[in-house]
$ cat start.cif   # mmCIF, C-alpha atoms
data_protein
loop_
_atom_site.label_atom_id
_atom_site.label_comp_id
_atom_site.auth_asym_id
_atom_site.auth_seq_id
_atom_site.Cartn_x
_atom_site.Cartn_y
_atom_site.Cartn_z
CA MET A 1 84.83 2.65 -13.24
CA ASN A 2 86.56 0.38 -10.72
CA ILE A 3 86.00 -3.37 -11.17
CA VAL A 4 87.07 -5.82 -8.44
CA PHE A 5 87.25 -9.59 -8.92
CA GLN A 6 86.75 -11.83 -5.89
CA GLY A 7 86.89 -15.60 -5.51
CA ASP A 8 89.12 -18.63 -5.16
CA SER A 9 91.78 -20.26 -7.36
CA ILE A 10 89.56 -20.00 -10.45
CA THR A 11 89.83 -16.23 -10.10
CA ASP A 12 93.33 -16.08 -8.58
CA VAL A 13 95.22 -17.94 -11.36
CA GLY A 14 98.68 -16.71 -10.45
CA ARG A 15 97.91 -13.07 -9.73
CA ASN A 16 100.37 -10.87 -7.84
CA THR A 17 99.32 -11.28 -4.20
CA GLU A 18 101.58 -8.57 -2.75
CA ARG A 19 99.38 -6.37 -0.59
CA GLY A 20 98.29 -3.28 -2.44
CA SER A 21 99.61 -4.48 -5.80
CA ARG A 22 97.56 -3.94 -8.92
CA LEU A 23 100.30 -5.09 -11.26
CA SER A 24 98.85 -8.52 -12.00
CA ILE A 25 95.33 -9.51 -12.88
CA GLY A 26 96.23 -13.20 -13.04
CA GLN A 27 96.14 -15.48 -16.07
CA GLY A 28 92.48 -16.54 -16.22
CA TYR A 29 89.07 -15.13 -17.05
CA ALA A 30 89.77 -11.90 -15.13
CA LEU A 31 92.69 -11.21 -17.47
CA MET A 32 90.53 -11.94 -20.51
CA VAL A 33 87.77 -9.63 -19.29
CA THR A 34 90.33 -6.93 -18.52
CA GLY A 35 91.92 -7.22 -21.95
CA ASP A 36 88.59 -7.07 -23.76
CA LEU A 37 87.26 -4.06 -21.84
CA CYS A 38 90.56 -2.17 -21.97
CA LEU A 39 90.66 -2.61 -25.75
CA ARG A 40 87.00 -1.68 -26.12
CA CYS A 41 87.08 1.43 -23.89
CA PRO A 42 90.67 2.62 -23.26
CA GLY A 43 91.00 4.33 -19.89
CA LYS A 44 87.40 3.81 -18.80
CA TYR A 45 87.96 0.92 -16.38
CA GLU A 46 90.34 0.05 -13.56
CA PHE A 47 90.71 -3.60 -12.53
CA THR A 48 91.82 -5.37 -9.35
CA ASN A 49 91.91 -9.12 -8.78
CA ARG A 50 91.72 -10.21 -5.14
CA GLY A 51 90.86 -13.88 -5.63
CA ILE A 52 92.75 -16.27 -3.32
CA SER A 53 93.28 -19.95 -4.03
CA GLY A 54 91.50 -22.23 -1.59
CA ASN A 55 89.00 -19.65 -0.38
CA ARG A 56 85.46 -20.49 0.70
CA ILE A 57 82.62 -18.03 1.15
CA VAL A 58 83.56 -17.51 4.80
CA ASP A 59 87.10 -16.55 3.76
CA VAL A 60 85.88 -14.02 1.21
CA TYR A 61 83.54 -12.48 3.77
CA ALA A 62 86.29 -12.34 6.41
CA ARG A 63 88.47 -10.18 4.17
CA ILE A 64 85.77 -8.20 2.40
CA LYS A 65 86.75 -4.87 3.94
CA ALA A 66 90.44 -5.08 3.07
CA ASP A 67 90.00 -6.77 -0.31
CA CYS A 68 86.86 -5.08 -1.58
CA TRP A 69 85.42 -2.18 0.37
CA ASN A 70 88.74 -0.38 0.77
CA LEU A 71 89.08 -0.44 -3.03
CA ASN A 72 85.84 1.55 -3.50
CA PRO A 73 84.46 -0.69 -6.25
CA ASP A 74 81.79 0.32 -8.73
CA VAL A 75 81.47 -3.29 -9.91
CA LEU A 76 82.19 -6.40 -7.84
CA SER A 77 82.54 -9.82 -9.47
CA ILE A 78 82.27 -12.91 -7.24
CA LEU A 79 82.91 -16.54 -8.18
CA ILE A 80 82.94 -18.79 -5.10
CA GLY A 81 81.43 -22.08 -3.95
CA VAL A 82 83.31 -25.12 -5.18
CA ASN A 83 85.76 -25.11 -2.25
CA ASP A 84 82.84 -24.95 0.18
CA VAL A 85 81.99 -28.38 -1.25
CA TRP A 86 85.47 -29.73 -1.97
CA HIS A 87 86.90 -28.91 1.46
CA GLU A 88 84.36 -31.22 3.04
CA VAL A 89 86.04 -34.20 1.35
CA GLY A 90 88.78 -35.89 3.36
CA PRO A 91 89.74 -36.42 6.99
CA ASN A 92 90.16 -32.72 7.83
CA ALA A 93 86.78 -31.60 6.55
CA ASN A 94 86.35 -27.84 6.63
CA GLY A 95 83.70 -27.14 4.01
CA VAL A 96 80.73 -24.83 4.37
CA ASP A 97 77.31 -26.49 4.25
CA ALA A 98 74.73 -25.16 1.81
CA LYS A 99 72.60 -23.38 4.42
CA ARG A 100 75.56 -21.56 5.96
CA PHE A 101 76.96 -20.82 2.51
CA GLU A 102 73.78 -19.00 1.53
CA LYS A 103 73.58 -17.15 4.84
CA VAL A 104 77.15 -15.81 4.65
CA TYR A 105 76.96 -15.06 0.91
CA ARG A 106 73.72 -13.15 1.42
CA MET A 107 75.29 -11.20 4.28
CA LEU A 108 78.30 -10.35 2.09
CA VAL A 109 76.07 -8.97 -0.66
CA GLU A 110 73.73 -7.10 1.69
CA ASP A 111 76.58 -5.53 3.66
CA THR A 112 78.33 -4.47 0.46
CA VAL A 113 75.20 -2.90 -1.02
CA GLU A 114 74.53 -1.11 2.25
CA ARG A 115 78.00 0.43 2.08
CA PHE A 116 77.91 1.08 -1.68
CA PRO A 117 74.25 1.61 -2.66
CA ASN A 118 75.05 2.09 -6.36
CA ILE A 119 77.36 -0.90 -6.73
CA ARG A 120 76.62 -3.57 -9.31
CA ILE A 121 77.57 -7.13 -8.36
CA LEU A 122 78.07 -10.00 -10.78
CA LEU A 123 77.37 -13.27 -8.96
CA LEU A 124 78.95 -16.05 -11.01
CA GLU A 125 77.43 -19.50 -10.70
CA PRO A 126 79.72 -22.13 -9.13
CA PHE A 127 80.15 -25.11 -11.44
CA VAL A 128 81.74 -28.54 -11.48
CA LEU A 129 82.48 -31.20 -14.10
CA ARG A 130 83.12 -34.92 -13.73
CA ALA A 131 86.89 -35.41 -13.99
CA SER A 132 89.93 -36.50 -11.98
CA ALA A 133 89.27 -34.43 -8.84
CA THR A 134 85.54 -35.09 -8.68
CA ALA A 135 84.78 -38.46 -10.29
CA GLU A 136 85.22 -40.60 -7.16
CA LYS A 137 82.58 -38.62 -5.27
CA TRP A 138 80.70 -37.30 -8.25
CA ASP A 139 77.20 -37.58 -6.80
CA TYR A 140 78.29 -35.51 -3.81
CA PHE A 141 80.06 -32.88 -5.91
CA HIS A 142 77.20 -32.59 -8.37
CA THR A 143 74.46 -32.35 -5.76
CA GLU A 144 76.22 -30.01 -3.37
CA THR A 145 77.55 -27.66 -6.02
CA ARG A 146 74.05 -27.44 -7.47
CA LEU A 147 72.69 -26.41 -4.05
CA ARG A 148 75.19 -23.59 -3.84
CA ALA A 149 74.50 -22.51 -7.40
CA GLU A 150 70.80 -22.30 -6.61
CA ALA A 151 71.62 -20.21 -3.54
CA VAL A 152 73.71 -17.80 -5.61
CA GLN A 153 70.87 -17.37 -8.09
CA ARG A 154 68.39 -16.68 -5.29
CA ILE A 155 70.67 -14.08 -3.74
CA ALA A 156 71.16 -12.37 -7.10
CA GLU A 157 67.41 -12.22 -7.68
CA ASP A 158 66.58 -11.06 -4.16
CA SER A 159 69.22 -8.34 -4.21
CA LYS A 160 68.45 -7.32 -7.82
CA GLN A 161 72.03 -7.97 -8.80
CA ILE A 162 73.41 -9.88 -11.78
CA PHE A 163 73.47 -13.68 -11.93
CA VAL A 164 75.96 -15.16 -14.41
CA PRO A 165 75.04 -18.79 -15.28
CA LEU A 166 77.98 -21.10 -15.97
CA GLN A 167 77.07 -24.74 -15.29
CA ALA A 168 74.79 -25.16 -18.31
CA LYS A 169 77.35 -23.40 -20.49
CA PHE A 170 80.08 -25.83 -19.43
CA ASP A 171 77.73 -28.79 -19.85
CA ALA A 172 76.92 -27.68 -23.39
CA ALA A 173 80.60 -27.07 -24.15
CA CYS A 174 81.38 -30.64 -23.11
CA GLU A 175 79.17 -31.79 -25.98
CA LEU A 176 81.60 -30.11 -28.35
CA ALA A 177 84.90 -31.24 -26.81
CA PRO A 178 85.93 -33.57 -23.95
CA ILE A 179 85.65 -32.43 -20.34
CA ASP A 180 89.41 -32.13 -19.92
CA TYR A 181 89.45 -29.60 -22.77
CA TRP A 182 87.44 -27.24 -20.55
CA ALA A 183 88.50 -28.18 -16.99
CA PRO A 184 91.05 -31.00 -16.74
CA ASP A 185 90.35 -31.85 -13.08
CA GLY A 186 86.67 -30.91 -13.17
CA VAL A 187 87.20 -27.75 -11.12
CA HIS A 188 89.98 -25.59 -12.57
CA PRO A 189 89.33 -24.33 -16.10
CA SER A 190 91.70 -24.64 -19.01
CA PRO A 191 92.36 -21.56 -21.17
CA ALA A 192 89.25 -22.52 -23.16
CA GLY A 193 87.26 -22.80 -19.93
CA HIS A 194 88.44 -19.41 -18.78
CA ARG A 195 87.46 -17.96 -22.16
CA LEU A 196 83.98 -19.44 -21.69
CA ILE A 197 83.67 -17.76 -18.27
CA ALA A 198 84.95 -14.47 -19.67
CA ASN A 199 82.42 -14.56 -22.51
CA GLU A 200 79.53 -15.14 -20.11
CA TRP A 201 80.85 -12.42 -17.77
CA LEU A 202 81.05 -9.91 -20.60
CA ALA A 203 77.61 -10.83 -21.90
CA ALA A 204 76.09 -10.21 -18.46
CA PHE A 205 78.09 -7.00 -18.05
CA ASP A 206 76.88 -5.68 -21.39
CA LYS A 207 73.27 -6.72 -20.76
CA ALA A 208 73.34 -4.77 -17.50
CA GLY A 209 74.45 -1.68 -19.42
CA LEU A 210 77.71 -1.28 -17.59
#

$ encode --input "start.cif" --output "structure tokens"
Amino acid sequence: MNIVFQGDSITDVGRNTERGSRLSIGQGYALMVTGDLCLRCPGKYEFTNRGISGNRIVDVYARIKADCWNLNPDVLSILIGVNDVWHEVGPNANGVDAKRFEKVYRMLVEDTVERFPNIRILLLEPFVLRASATAEKWDYFHTETRLRAEAVQRIAEDSKQIFVPLQAKFDAACELAPIDYWAPDGVHPSPAGHRLIANEWLAAFDKAGL
């Protein structure tokens, strides 16, 4: 079974970006998922991480053929959305508004399912915490990220794919330890934050019977 991870820096996390390389899965939740599944079922799964730091939904869609379809995935994991919000902050705004985000994300899922009718897609909920990168414009980050999270859940439900909730899990975790324990800047997870994502990913994967 071929599993492909897609997303931004939260998925990338220092992976080997040399074209065609499968030598590095990165150092985040994708690595943790890979390690767990490889230990559980030796030889059953193959993993590729094609997350790219800074990507928005339009970037992921633009490279979907080269970085997903050409890999013939059985399972596709997508975590995207916070840069669509974050890139709208500052003088060179280049974010993706919520309506366009949903339109392009929906197109990505529909086009992928059309090409691979039996594929299973894990749609991970974009999340954000109030910390150094987000505190100054917290109301904006909170509201806009929530809109994109709601869009991802709708797309998962409409396409009968797998929604992986994360925001509530991070919020609950922040009751147990400070925010910077989980995501020091409010966007990029710590090792503990990546473990949280990996646990939720694996729970959804197992529930789907994959």

$ residues_around --input "start.cif" --residues "A:Asp8" --least-positions-apart "5" --cutoff "8 Å" --atoms "all atoms listed in the file" --output "MDAnalysis selection string"
chainID A and resid 51:56 79:80 83

$ closest_residue --input "start.cif" --among "A:Arg100, A:Arg115, A:His142, A:Arg40" --to "A:Cys68" --atoms "all atoms listed in the file"
A:Arg115

$ closest_residue --input "start.cif" --among "A:Ile57, A:Ala149, A:Leu76, A:Ala177" --to "A:Lys103" --atoms "only C-alpha atoms"
A:Ile57

$ residues_around --input "start.cif" --residues "A:Pro189" --least-positions-apart "3" --cutoff "10 Å" --atoms "only C-alpha atoms" --output "list in words"
Ser9, Ile10, Val13, Gly28, Tyr29, Val128, Leu129, Phe170, Ile179, Asp180, Tyr181, Trp182, Ala183, Pro184, Asp185, Gly186, Ala192, Gly193, His194, Arg195, Leu196 and Ile197 of chain A

$ resolve_selection --input "start.cif" --expression "the PyMOL selection byres ((chain A and resi 203) around 12)" --output "PyMOL selection string"
chain A and resi 33+36-37+122+162-166+196-202+204-210

$ write_last_selection --input "start.cif" --atoms "C-alpha atoms" --output "CSV table (one decimal), in the coordinates of the input"
chain,number,residue,atom,x,y,z
A,33,VAL,CA,87.8,-9.6,-19.3
A,36,ASP,CA,88.6,-7.1,-23.8
A,37,LEU,CA,87.3,-4.1,-21.8
A,122,LEU,CA,78.1,-10.0,-10.8
A,162,ILE,CA,73.4,-9.9,-11.8
A,163,PHE,CA,73.5,-13.7,-11.9
A,164,VAL,CA,76.0,-15.2,-14.4
A,165,PRO,CA,75.0,-18.8,-15.3
A,166,LEU,CA,78.0,-21.1,-16.0
A,196,LEU,CA,84.0,-19.4,-21.7
A,197,ILE,CA,83.7,-17.8,-18.3
A,198,ALA,CA,85.0,-14.5,-19.7
A,199,ASN,CA,82.4,-14.6,-22.5
A,200,GLU,CA,79.5,-15.1,-20.1
A,201,TRP,CA,80.8,-12.4,-17.8
A,202,LEU,CA,81.0,-9.9,-20.6
A,204,ALA,CA,76.1,-10.2,-18.5
A,205,PHE,CA,78.1,-7.0,-18.0
A,206,ASP,CA,76.9,-5.7,-21.4
A,207,LYS,CA,73.3,-6.7,-20.8
A,208,ALA,CA,73.3,-4.8,-17.5
A,209,GLY,CA,74.4,-1.7,-19.4
A,210,LEU,CA,77.7,-1.3,-17.6

$ atom_distance --input "start.cif" --atom1 "atom CA of A:Glu114" --atom2 "atom CA of A:Phe101"
19.9 Å

$ atom_distance --input "start.cif" --atom1 "atom CA of A:Glu144" --atom2 "atom CA of A:Ala173"
21.4 Å

$ residues_around --input "start.cif" --residues "A:Gly26" --least-positions-apart "5" --cutoff "10 Å" --atoms "only C-alpha atoms" --output "PyMOL selection string"
chain A and resi 10-17+31-32+48-51

$ resolve_selection --input "start.cif" --expression "the PyMOL selection byres ((chain A and resi 45) around 9)" --output "mmCIF file with C-alpha atoms, in the coordinates of the input"
data_model
loop_
_atom_site.group_PDB
_atom_site.id
_atom_site.type_symbol
_atom_site.label_atom_id
_atom_site.label_comp_id
_atom_site.auth_asym_id
_atom_site.auth_seq_id
_atom_site.Cartn_x
_atom_site.Cartn_y
_atom_site.Cartn_z
ATOM 1 C CA MET A 1 84.830 2.650 -13.240
ATOM 2 C CA ASN A 2 86.560 0.380 -10.720
ATOM 3 C CA ILE A 3 86.000 -3.370 -11.170
ATOM 4 C CA THR A 34 90.330 -6.930 -18.520
ATOM 5 C CA LEU A 37 87.260 -4.060 -21.840
ATOM 6 C CA CYS A 38 90.560 -2.170 -21.970
ATOM 7 C CA CYS A 41 87.080 1.430 -23.890
ATOM 8 C CA PRO A 42 90.670 2.620 -23.260
ATOM 9 C CA GLY A 43 91.000 4.330 -19.890
ATOM 10 C CA LYS A 44 87.400 3.810 -18.800
ATOM 11 C CA GLU A 46 90.340 0.050 -13.560
ATOM 12 C CA PHE A 47 90.710 -3.600 -12.530
#

$ atom_distance --input "start.cif" --atom1 "atom CA of A:Ala30" --atom2 "atom CA of A:Phe5"
7.1 Å

$ resolve_selection --input "start.cif" --expression "the PyMOL selection byres ((chain A and resi 156) around 12)" --output "JSON, numbers by chain"
{"A": [77, 78, 102, 105, 106, 108, 109, 110, 113, 120, 121, 122, 123, 124, 125, 149, 150, 151, 152, 153, 154, 155, 157, 158, 159, 160, 161, 162, 163, 164, 165]}

$ axis_aligned_box --input "start.cif" --around "stretch 134-153 of chain A" --padding-each-side "3 Å" --output "lines of an AutoDock Vina configuration file"
center_x = 78.2
center_y = -29.0
center_z = -6.8
size_x = 20.7
size_y = 29.2
size_z = 12.9

$ closest_residue --input "start.cif" --among "A:Thr134, A:Ser24, A:Gln6, A:Asn94" --to "A:Ile64" --atoms "all atoms listed in the file"
A:Gln6

$ build_atoms --input "start.cif" --residues "stretch 173-197 of chain A" --atoms "N, CA and C atoms" --output "PDB file, keeping the file's coordinate frame"
ATOM      1  N   ALA A 173      79.265 -27.065 -23.540  1.00  0.00           N
ATOM      2  CA  ALA A 173      80.600 -27.070 -24.150  1.00  0.00           C
ATOM      3  C   ALA A 173      81.183 -28.474 -24.200  1.00  0.00           C
ATOM      4  N   CYS A 174      80.853 -29.271 -23.175  1.00  0.00           N
ATOM      5  CA  CYS A 174      81.380 -30.640 -23.110  1.00  0.00           C
ATOM      6  C   CYS A 174      80.753 -31.547 -24.164  1.00  0.00           C
ATOM      7  N   GLU A 175      79.713 -31.069 -24.831  1.00  0.00           N
ATOM      8  CA  GLU A 175      79.170 -31.790 -25.980  1.00  0.00           C
ATOM      9  C   GLU A 175      80.001 -31.537 -27.228  1.00  0.00           C
ATOM     10  N   LEU A 176      80.795 -30.495 -27.194  1.00  0.00           N
ATOM     11  CA  LEU A 176      81.600 -30.110 -28.350  1.00  0.00           C
ATOM     12  C   LEU A 176      83.037 -30.611 -28.267  1.00  0.00           C
ATOM     13  N   ALA A 177      83.529 -30.767 -27.037  1.00  0.00           N
ATOM     14  CA  ALA A 177      84.900 -31.240 -26.810  1.00  0.00           C
ATOM     15  C   ALA A 177      84.918 -31.941 -25.458  1.00  0.00           C
ATOM     16  N   PRO A 178      85.892 -32.829 -25.216  1.00  0.00           N
ATOM     17  CA  PRO A 178      85.930 -33.570 -23.950  1.00  0.00           C
ATOM     18  C   PRO A 178      86.025 -32.661 -22.730  1.00  0.00           C
ATOM     19  N   ILE A 179      85.630 -33.197 -21.590  1.00  0.00           N
ATOM     20  CA  ILE A 179      85.650 -32.430 -20.340  1.00  0.00           C
ATOM     21  C   ILE A 179      87.019 -31.836 -20.067  1.00  0.00           C
ATOM     22  N   ASP A 180      88.079 -32.635 -20.274  1.00  0.00           N
ATOM     23  CA  ASP A 180      89.410 -32.130 -19.920  1.00  0.00           C
ATOM     24  C   ASP A 180      89.873 -31.000 -20.846  1.00  0.00           C
ATOM     25  N   TYR A 181      89.168 -30.757 -21.922  1.00  0.00           N
ATOM     26  CA  TYR A 181      89.450 -29.600 -22.770  1.00  0.00           C
ATOM     27  C   TYR A 181      89.025 -28.310 -22.070  1.00  0.00           C
ATOM     28  N   TRP A 182      88.019 -28.404 -21.221  1.00  0.00           N
ATOM     29  CA  TRP A 182      87.440 -27.240 -20.550  1.00  0.00           C
ATOM     30  C   TRP A 182      87.910 -27.085 -19.110  1.00  0.00           C
ATOM     31  N   ALA A 183      88.056 -28.208 -18.393  1.00  0.00           N
ATOM     32  CA  ALA A 183      88.500 -28.180 -16.990  1.00  0.00           C
ATOM     33  C   ALA A 183      89.108 -29.540 -16.674  1.00  0.00           C
ATOM     34  N   PRO A 184      90.414 -29.696 -16.823  1.00  0.00           N
ATOM     35  CA  PRO A 184      91.050 -31.000 -16.740  1.00  0.00           C
ATOM     36  C   PRO A 184      90.761 -31.793 -15.467  1.00  0.00           C
ATOM     37  N   ASP A 185      90.638 -31.117 -14.325  1.00  0.00           N
ATOM     38  CA  ASP A 185      90.350 -31.850 -13.080  1.00  0.00           C
ATOM     39  C   ASP A 185      88.886 -31.742 -12.670  1.00  0.00           C
ATOM     40  N   GLY A 186      88.086 -31.069 -13.478  1.00  0.00           N
ATOM     41  CA  GLY A 186      86.670 -30.910 -13.170  1.00  0.00           C
ATOM     42  C   GLY A 186      86.345 -29.659 -12.383  1.00  0.00           C
ATOM     43  N   VAL A 187      87.382 -28.961 -11.928  1.00  0.00           N
ATOM     44  CA  VAL A 187      87.200 -27.750 -11.120  1.00  0.00           C
ATOM     45  C   VAL A 187      87.905 -26.545 -11.748  1.00  0.00           C
ATOM     46  N   HIS A 188      89.175 -26.713 -12.080  1.00  0.00           N
ATOM     47  CA  HIS A 188      89.980 -25.590 -12.570  1.00  0.00           C
ATOM     48  C   HIS A 188      89.938 -25.529 -14.098  1.00  0.00           C
ATOM     49  N   PRO A 189      89.484 -24.423 -14.650  1.00  0.00           N
ATOM     50  CA  PRO A 189      89.330 -24.330 -16.100  1.00  0.00           C
ATOM     51  C   PRO A 189      90.667 -24.298 -16.839  1.00  0.00           C
ATOM     52  N   SER A 190      90.619 -24.802 -18.045  1.00  0.00           N
ATOM     53  CA  SER A 190      91.700 -24.640 -19.010  1.00  0.00           C
ATOM     54  C   SER A 190      91.599 -23.232 -19.603  1.00  0.00           C
ATOM     55  N   PRO A 191      92.523 -22.853 -20.489  1.00  0.00           N
ATOM     56  CA  PRO A 191      92.360 -21.560 -21.170  1.00  0.00           C
ATOM     57  C   PRO A 191      91.003 -21.452 -21.880  1.00  0.00           C
ATOM     58  N   ALA A 192      90.559 -22.548 -22.498  1.00  0.00           N
ATOM     59  CA  ALA A 192      89.250 -22.520 -23.160  1.00  0.00           C
ATOM     60  C   ALA A 192      88.133 -22.328 -22.145  1.00  0.00           C
ATOM     61  N   GLY A 193      88.251 -22.973 -20.985  1.00  0.00           N
ATOM     62  CA  GLY A 193      87.260 -22.800 -19.930  1.00  0.00           C
ATOM     63  C   GLY A 193      87.227 -21.390 -19.390  1.00  0.00           C
ATOM     64  N   HIS A 194      88.385 -20.806 -19.234  1.00  0.00           N
ATOM     65  CA  HIS A 194      88.440 -19.410 -18.780  1.00  0.00           C
ATOM     66  C   HIS A 194      87.833 -18.469 -19.829  1.00  0.00           C
ATOM     67  N   ARG A 195      88.064 -18.783 -21.111  1.00  0.00           N
ATOM     68  CA  ARG A 195      87.460 -17.960 -22.160  1.00  0.00           C
ATOM     69  C   ARG A 195      85.943 -18.060 -22.104  1.00  0.00           C
ATOM     70  N   LEU A 196      85.428 -19.259 -21.824  1.00  0.00           N
ATOM     71  CA  LEU A 196      83.980 -19.440 -21.690  1.00  0.00           C
ATOM     72  C   LEU A 196      83.444 -18.560 -20.562  1.00  0.00           C
ATOM     73  N   ILE A 197      84.107 -18.587 -19.401  1.00  0.00           N
ATOM     74  CA  ILE A 197      83.670 -17.760 -18.270  1.00  0.00           C
ATOM     75  C   ILE A 197      83.718 -16.283 -18.651  1.00  0.00           C
TER      76      ILE A 197
END
